[in-house]
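Next comes work.txt, with compact mmCIF, C-alpha atoms.
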# COMPACT_ATOMS: atom_id res chain seq x y z
CA MET A 27 62.24 -95.40 69.51
CA GLY A 28 63.84 -93.48 66.70
CA LEU A 29 62.64 -93.51 63.11
CA GLY A 30 64.73 -94.93 60.30
CA LEU A 31 64.75 -93.64 56.74
CA SER A 32 61.63 -95.63 55.93
CA GLY A 33 59.80 -94.40 59.04
CA ILE A 34 60.15 -97.74 60.84
CA PRO A 35 61.09 -97.35 64.52
CA TYR A 36 64.40 -98.69 65.85
CA PRO A 37 65.74 -98.89 69.44
CA VAL A 38 67.62 -95.78 70.55
CA LEU A 39 68.67 -94.62 73.99
CA VAL A 40 69.27 -90.88 74.31
CA LEU A 41 71.44 -89.63 77.13
CA ALA A 42 70.99 -86.00 78.08
CA GLN A 43 73.81 -84.33 79.97
CA LYS A 44 74.47 -80.74 80.82
CA GLY A 45 75.75 -79.13 77.66
CA GLY A 46 75.15 -82.00 75.24
CA VAL A 47 73.16 -84.96 74.06
CA ALA A 48 74.53 -88.34 72.99
CA ALA A 49 72.47 -90.98 71.20
CA VAL A 50 73.33 -94.68 71.38
CA VAL A 51 71.81 -97.16 68.96
CA LEU A 52 71.75 -100.55 70.67
CA PRO A 53 72.00 -103.63 68.48
CA LEU A 54 68.89 -105.72 68.02
CA VAL A 55 68.90 -108.76 70.26
CA HIS A 56 69.21 -111.29 67.44
CA THR A 57 71.88 -109.55 65.31
CA PRO A 58 75.27 -108.07 66.16
CA ARG A 59 74.86 -104.78 64.30
CA PRO A 60 72.42 -101.93 64.84
CA ARG A 61 69.90 -101.85 62.02
CA MET A 62 67.59 -98.94 61.52
CA LEU A 63 65.39 -100.43 58.84
CA VAL A 64 64.55 -103.77 60.42
CA LEU A 65 61.87 -104.37 63.02
CA THR A 66 60.72 -107.87 63.83
CA THR A 67 59.04 -109.52 66.77
CA VAL A 68 62.46 -110.73 68.00
CA SER A 69 64.21 -107.36 67.74
CA ARG A 70 63.69 -106.26 71.33
CA VAL A 71 63.56 -107.44 74.90
CA SER A 72 59.93 -106.87 75.75
CA SER A 73 58.56 -106.00 79.15
CA PRO A 74 58.61 -109.21 81.15
CA PRO A 75 56.03 -110.54 83.57
CA PRO A 76 56.43 -109.38 87.19
CA HIS A 77 58.59 -112.37 88.17
CA GLY A 78 61.29 -111.37 85.63
CA HIS A 79 61.76 -114.79 83.99
CA GLY A 80 60.77 -113.32 80.62
CA VAL A 81 64.10 -111.46 80.37
CA LEU A 82 66.02 -114.67 81.08
CA ALA A 83 64.20 -116.63 78.40
CA GLN A 84 64.47 -113.88 75.79
CA ILE A 85 68.19 -113.25 76.31
CA HIS A 86 69.15 -116.92 76.40
CA LYS A 87 67.05 -117.75 73.34
CA LEU A 88 67.61 -114.69 71.14
CA ALA A 89 70.82 -112.81 72.01
CA PHE A 90 73.46 -113.17 69.30
CA SER A 91 76.70 -114.71 70.58
CA GLY A 92 80.19 -113.52 69.70
CA SER A 93 81.82 -116.87 70.43
CA ARG A 94 84.54 -117.65 67.90
CA GLY A 95 84.20 -121.39 68.31
CA ASN A 96 81.52 -123.94 67.49
CA THR A 97 82.49 -126.20 70.39
CA LEU A 98 83.38 -125.61 74.02
CA GLU A 99 87.04 -126.42 73.32
CA GLU A 100 87.21 -123.95 70.43
CA HIS A 101 85.56 -121.23 72.53
CA ARG A 102 88.02 -121.84 75.38
CA ARG A 103 90.91 -121.57 72.89
CA LEU A 104 89.66 -118.69 70.69
CA GLY A 105 87.48 -116.69 73.10
CA ALA A 106 84.72 -114.34 72.02
CA ASP A 107 84.49 -111.34 69.73
CA LEU A 108 83.15 -108.59 71.99
CA ASP A 109 82.34 -106.30 69.05
CA VAL A 110 79.58 -108.62 67.79
CA ASP A 111 78.38 -110.22 71.03
CA VAL A 112 75.01 -108.61 71.76
CA SER A 113 74.98 -109.58 75.44
CA TYR A 114 78.31 -107.84 75.99
CA GLN A 115 77.17 -104.78 74.01
CA TYR A 116 74.13 -104.49 76.27
CA LEU A 117 76.34 -104.95 79.35
CA ARG A 118 78.52 -102.07 78.11
CA PHE A 119 75.48 -99.83 78.41
CA PHE A 120 73.67 -101.19 81.47
CA GLU A 121 76.48 -102.45 83.79
CA PRO A 122 77.12 -99.67 86.32
CA ASP A 123 80.51 -101.05 87.53
CA ASP A 124 83.23 -100.25 84.97
CA ALA A 125 85.82 -102.45 86.70
CA LYS A 126 83.47 -105.44 86.65
CA LEU A 127 82.68 -104.79 82.98
CA ALA A 128 86.38 -104.65 82.08
CA ASP A 129 87.05 -107.88 83.97
CA THR A 130 84.08 -109.61 82.34
CA GLY A 131 85.17 -108.45 78.88
CA ALA A 132 88.75 -109.61 79.40
CA ARG A 133 87.71 -113.03 80.70
CA TYR A 134 85.06 -113.55 78.00
CA SER A 135 87.36 -112.52 75.14
CA LYS A 136 90.01 -115.00 76.39
CA GLY A 137 87.51 -117.86 76.60
CA GLU A 138 87.52 -118.02 80.40
CA MET A 139 83.79 -117.25 80.46
CA LEU A 140 81.14 -119.03 78.42
CA THR A 141 78.32 -117.42 76.44
CA GLY A 142 75.76 -118.68 78.96
CA GLU A 143 77.68 -117.00 81.80
CA ILE A 144 77.78 -113.62 80.05
CA LYS A 145 74.08 -113.92 79.26
CA ASN A 146 73.37 -114.69 82.94
CA GLU A 147 75.26 -111.53 83.94
CA LEU A 148 73.21 -109.49 81.48
CA VAL A 149 69.98 -111.03 82.74
CA ALA A 150 70.87 -110.11 86.33
CA VAL A 151 71.60 -106.50 85.33
CA LEU A 152 68.46 -106.19 83.17
CA GLN A 153 66.25 -107.71 85.85
CA GLY A 154 67.51 -105.01 88.23
CA VAL A 155 66.73 -102.30 85.68
CA VAL A 156 63.28 -103.74 84.93
CA SER A 157 62.53 -104.18 88.64
CA GLY A 158 63.46 -100.54 89.28
CA HIS A 159 61.17 -99.39 86.48
CA GLN A 160 58.31 -101.57 87.73
CA THR A 161 58.72 -100.18 91.25
CA ALA A 162 58.81 -96.59 89.98
CA LYS A 163 55.75 -97.21 87.80
CA ALA A 164 53.84 -98.67 90.74
CA ASN A 165 54.56 -95.51 92.76
CA VAL A 166 53.14 -93.12 90.13
CA THR A 167 49.97 -91.45 91.38
CA ASP A 168 47.16 -89.74 89.52
CA ALA A 169 48.50 -86.43 90.86
CA ASP A 170 51.90 -87.17 89.24
CA ILE A 171 50.23 -87.89 85.92
CA ALA A 172 48.12 -84.73 86.13
CA TYR A 173 51.22 -82.63 86.92
CA TYR A 174 53.34 -83.96 84.05
CA MET A 175 50.48 -83.93 81.55
CA SER A 176 49.44 -80.40 82.47
CA THR A 177 49.45 -77.75 79.78
CA ASP A 178 49.20 -74.93 82.32
CA PRO A 179 51.59 -72.17 81.13
CA ALA A 180 52.34 -71.21 84.74
CA ARG A 181 54.02 -74.57 85.26
CA PHE A 182 56.56 -73.76 82.55
CA ALA A 183 57.33 -70.21 83.72
CA ARG A 184 60.95 -69.57 84.65
CA ALA A 185 61.68 -68.60 88.21

Output the file's structure as structure tokens, nothing else.
Amino acid sequence: MGLGLSGIPYPVLVLAQKGGVAAVVLPLVHTPRPRMLVLTTVSRVSSPPPHGHGVLAQIHKLAFSGSRGNTLEEHRRLGADLDVDVSYQYLRFFEPDDAKLADTGARYSKGEMLTGEIKNELVAVLQGVVSGHQTAKANVTDADIAYYMSTDPARFARA
């Protein structure tokens, strides 16, 4: 979490690469634009129970839709605005397959995909991410914790 001007945390993902750092502010789940000064109980996808259904319920209930129509017919005709659709914005960050993301974006913006379908794709991707984190967390040992929490100067010496 980053800190906004008022000291309130907001969601930030920081990507470290050799030679540089890039920060990405993800939009809050219930609004299409990143906001640094707003934090509510619906502003994040919280850690789900082990079965992963929590992600599904949170995304389907809370994620802001970029559909340009109020009815199915209007959505099919007008498509979706990818710049404000939160599910698509999250897919842009978490979907590892660029070709699949481009295809999904093209189909959704033309109205060939529905909001529920894009949310289902996001849920599948996020459940994979969450499952990977839960597996990694389960494999952490006390020795790992002791190593990474160590303040021993020898551990930080350059070879």

Using all atoms listed in the file, give me every residue within 10 Å of (83.7, -118.5, 80.7) in file coordinates, as a PDB file with C-alpha atoms, keeping the file's coordinate frame.
ATOM      1  CA  LEU A  98      83.380-125.610  74.020  1.00  0.00           C
ATOM      2  CA  HIS A 101      85.560-121.230  72.530  1.00  0.00           C
ATOM      3  CA  ARG A 102      88.020-121.840  75.380  1.00  0.00           C
ATOM      4  CA  GLY A 105      87.480-116.690  73.100  1.00  0.00           C
ATOM      5  CA  ALA A 106      84.720-114.340  72.020  1.00  0.00           C
ATOM      6  CA  THR A 130      84.080-109.610  82.340  1.00  0.00           C
ATOM      7  CA  ARG A 133      87.710-113.030  80.700  1.00  0.00           C
ATOM      8  CA  TYR A 134      85.060-113.550  78.000  1.00  0.00           C
ATOM      9  CA  SER A 135      87.360-112.520  75.140  1.00  0.00           C
ATOM     10  CA  LYS A 136      90.010-115.000  76.390  1.00  0.00           C
ATOM     11  CA  GLY A 137      87.510-117.860  76.600  1.00  0.00           C
ATOM     12  CA  GLU A 138      87.520-118.020  80.400  1.00  0.00           C
ATOM     13  CA  MET A 139      83.790-117.250  80.460  1.00  0.00           C
ATOM     14  CA  LEU A 140      81.140-119.030  78.420  1.00  0.00           C
ATOM     15  CA  THR A 141      78.320-117.420  76.440  1.00  0.00           C
ATOM     16  CA  GLY A 142      75.760-118.680  78.960  1.00  0.00           C
ATOM     17  CA  GLU A 143      77.680-117.000  81.800  1.00  0.00           C
ATOM     18  CA  ILE A 144      77.780-113.620  80.050  1.00  0.00           C
TER      19      ILE A 144
END

> What separation in Å, quoted to one decimal, exists between CA of Ala150 (chain A) and CA of Lys163 (chain A)?
Replying inline: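 Taking CA of Ala150 (chain A) as the start and CA of Lys163 (chain A) as the end point, the length is 19.9 Å.
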
> From the list A:Lys126, A:Gly95, A:Leu148, A:Val110, which residue is nearest Ala83 (chain A) when using all atoms listed in the file?
Replying inline: A:Leu148

> Between CA of Phe90 (chain A) and CA of Ser113 (chain A), what is the distance, to one decimal in Å?
Replying inline: 7.3 Å

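Our summary of the geometry notes that CA of Gly131 (chain A) is positioned 7.5 Å from CA of Tyr114 (chain A).
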
>> Counting all atoms listed in the file, which residue out of A:Gln160, A:Ala132, A:Tyr174, A:Glu121 sits closest to Glu147 (chain A)?
In response: A:Glu121
